[in-house]
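Reading through the structure tokens given below for one structure.
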Amino acid sequence: MSLKYILLRSLLSFLILITIGCSSDPAEPEINDVIMPTVGVGDIRFQDTGSKVIDTYGAYDNITAIVSAGNALFVIWYDEAGLAFQMEKVDVGNRSLQEIVDEADMLVDPSMTLTTMVMMSPFKGATAEGIGLGTSRAKVIEAYGEPDEIGTLTEDYNDLKMSIWYNAAGDAVRRIDLFK
């Protein structure tokens with residue numbers, strides 16, 4: 001074998017070892033956190049299902065049920081992301097509240113579509129207009145105009161299917177809800 005061939009082979013082996021040695025675990029995927037009124041948040045849209053939420057955000061922290069007149073609305077909570085996703089209602093028949101709570105994981109059908117998306121602390125995203133948690137009420141009104149409905153600490157923008165919740169002083173956004 002020629003010296004040139006041996007050097008070339010050695011160099012190639014060295015580069016392969018460096019490449020293998022430099023490989024690391026893949027980084028966690030970056031979560032899209034853009035709030036889009038009437039559409040969704042990040043990569044999640046209202047036509048999506050609970051399965052898409054779980055595929056995107058992974059294992060949830062909790063599931064809660066809102067029960068009324070034989071129906072339950074289930075909410076999937078992601079506390080560390082500051083997100084909650086409510087799915088369409090489920091007929092729970094005449095089960096007791098305790099049975100519904102105990103069976104929540106079984107009653108939730110991942111193929112159900114989403115009806116409400118909630119962004120709360122520590123959510124870091126914002127709308128295209130820059131409206132996110134901590135935004136001043138004045139900036140919200142500058143971006144979207146006067147609200148259609150005003151509650152104690154909430155303001156609704158019906159055309160955008162969005163509710164803005166304010167802090168106790170009423171001057172900064174503390175939560176944003178999107179509706180289907």
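Identifiers for the structure tokens are assigned positionally: chains receive A, B, ... in sequence, residues are indexed from 1 per chain, and ligands are indexed from 1 in the order shown.
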Using only C-alpha atoms, which residues sit within 9 Å of Ala84 (chain A) once same-chain residues fewer than 2 positions away are excluded, as a PyMOL selection string?
chain A and resi 75-79+81-82+86+116-120
Using only C-alpha atoms, what table do you get, as a tab-separated table, when you list each residue of region 75-150 of chain A with an atom no more than 9 Å from region 160-180 of chain A, its nearest pair of atoms, and their distance in Å rounded to one decimal, rows by chain then rising number?
residue	atom	partner	partner_atom	distance
A:Leu114	CA	A:Lys180	CA	7.5
A:Thr115	CA	A:Lys180	CA	5.0
A:Thr116	CA	A:Phe179	CA	4.6
A:Met117	CA	A:Leu178	CA	5.1
A:Val118	CA	A:Asp177	CA	4.5
A:Met119	CA	A:Ile176	CA	5.2
A:Met120	CA	A:Arg175	CA	4.6
A:Ser121	CA	A:Arg174	CA	7.1
A:Ile131	CA	A:Val173	CA	8.4
A:Gly132	CA	A:Val173	CA	6.9
A:Leu133	CA	A:Val173	CA	5.0
A:Gly134	CA	A:Val173	CA	4.9
A:Thr135	CA	A:Ala172	CA	5.3
A:Ser136	CA	A:Ala172	CA	4.4
A:Arg137	CA	A:Asp171	CA	5.2
A:Ala138	CA	A:Asp171	CA	7.9
A:Val140	CA	A:Val173	CA	8.5
Based on the selection just made, write C-alpha atoms of those residues as a CSV table (one decimal), in the first residue's frame.
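Output file out_16.csv follows:
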chain,number,residue,atom,x,y,z
A,114,LEU,CA,-60.8,20.8,20.4
A,115,THR,CA,-63.2,23.5,21.4
A,116,THR,CA,-61.2,25.8,23.7
A,117,MET,CA,-57.5,26.6,24.1
A,118,VAL,CA,-56.2,28.4,27.2
A,119,MET,CA,-52.8,30.2,27.5
A,120,MET,CA,-51.8,31.1,31.1
A,121,SER,CA,-48.6,31.5,33.0
A,131,ILE,CA,-50.4,40.4,22.6
A,132,GLY,CA,-49.4,37.9,25.2
A,133,LEU,CA,-49.3,37.4,29.0
A,134,GLY,CA,-48.3,40.6,30.7
A,135,THR,CA,-49.3,42.9,27.8
A,136,SER,CA,-51.0,46.1,29.0
A,137,ARG,CA,-54.8,46.6,28.5
A,138,ALA,CA,-54.0,49.7,26.5
A,140,VAL,CA,-54.7,45.1,23.7
What parts of region 33-150 of chain A does DSSP call helix (DSSP H, G or I)? I'd like the answer as a list in words.
Gly50, Ser51, Lys52, Val53, Ile54, Asp55, Thr56, Tyr57, Leu97, Gln98, Glu99, Ile100, Val101, Asp102, Ala104, Asp105, Met106, Leu107, Arg137, Ala138, Lys139, Val140, Ile141, Glu142, Ala143 and Tyr144 of chain A
Which of A:Leu73, A:Val41, A:Ala65, A:Leu83 sits closest to Phe123 (chain A) [using only C-alpha atoms]:
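The answer is A:Leu83, which sits nearest to Phe123 (chain A).
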Between CA of Asp91 (chain A) and CA of Asp109 (chain A), distance in Å (one decimal):
11.4 Å
Please identify the strand (DSSP E) residues within region 7-156 of chain A (assignment by DSSP from backbone atoms) and present them as a VMD selection string.
chain A and resid 34 to 36 40 to 41 44 to 45 62 to 68 71 to 78 83 to 87 90 to 91 114 to 120 126 to 127 149 to 150 154 to 156
So that I can check the surroundings of Ile100 (chain A), please list as a ChimeraX atom specification every protein, DNA and RNA residue that reaches within 9 Å of it, counting only C-alpha atoms and ignoring chain neighbours fewer than 4 positions away.
/A:65,67,72,92,95-96,104,107
Expected file contents, prior selection, C-alpha atoms, as an mmCIF file, in the first residue's frame:
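File produced: out23.cif:
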data_model
loop_
_atom_site.group_PDB
_atom_site.id
_atom_site.type_symbol
_atom_site.label_atom_id
_atom_site.label_comp_id
_atom_site.auth_asym_id
_atom_site.auth_seq_id
_atom_site.Cartn_x
_atom_site.Cartn_y
_atom_site.Cartn_z
ATOM 1 C CA ALA A 65 -63.799 17.170 33.737
ATOM 2 C CA VAL A 67 -69.779 18.010 34.178
ATOM 3 C CA ALA A 72 -68.605 16.148 30.450
ATOM 4 C CA VAL A 92 -71.308 10.322 30.448
ATOM 5 C CA ARG A 95 -72.291 8.229 36.083
ATOM 6 C CA SER A 96 -71.578 9.921 39.380
ATOM 7 C CA ALA A 104 -61.425 10.367 33.081
ATOM 8 C CA LEU A 107 -63.668 8.495 28.950
#
Just the residues within 7 Å of Gly42 (chain A), please, counting only C-alpha atoms, with nothing from its chain fewer than 3 positions along; format it as a list in words.
Asn32, Asp33, Val34 and Ile35 of chain A
Selection above as a file: N, CA and C atoms, as a CSV table (one decimal), in the first residue's frame:
chain,number,residue,atom,x,y,z
A,32,ASN,N,-43.8,25.8,18.8
A,32,ASN,CA,-44.4,27.0,18.2
A,32,ASN,C,-45.4,27.5,19.1
A,33,ASP,N,-45.2,28.8,19.5
A,33,ASP,CA,-46.1,29.4,20.5
A,33,ASP,C,-46.8,30.6,20.0
A,34,VAL,N,-47.1,30.7,18.8
A,34,VAL,CA,-47.8,31.8,18.2
A,34,VAL,C,-49.3,31.6,18.4
A,35,ILE,N,-50.0,32.6,19.0
A,35,ILE,CA,-51.4,32.6,19.3
A,35,ILE,C,-52.1,33.2,18.0
Please, what distance in Å, to one decimal, runs between CA of Lys89 (chain A) and CA of Thr49 (chain A)?
12.8 Å
Quote the spacing between CA of Pro37 (chain A) and CA of Glu129 (chain A) in Å to one decimal place.
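These two atoms are separated by 10.9 Å.
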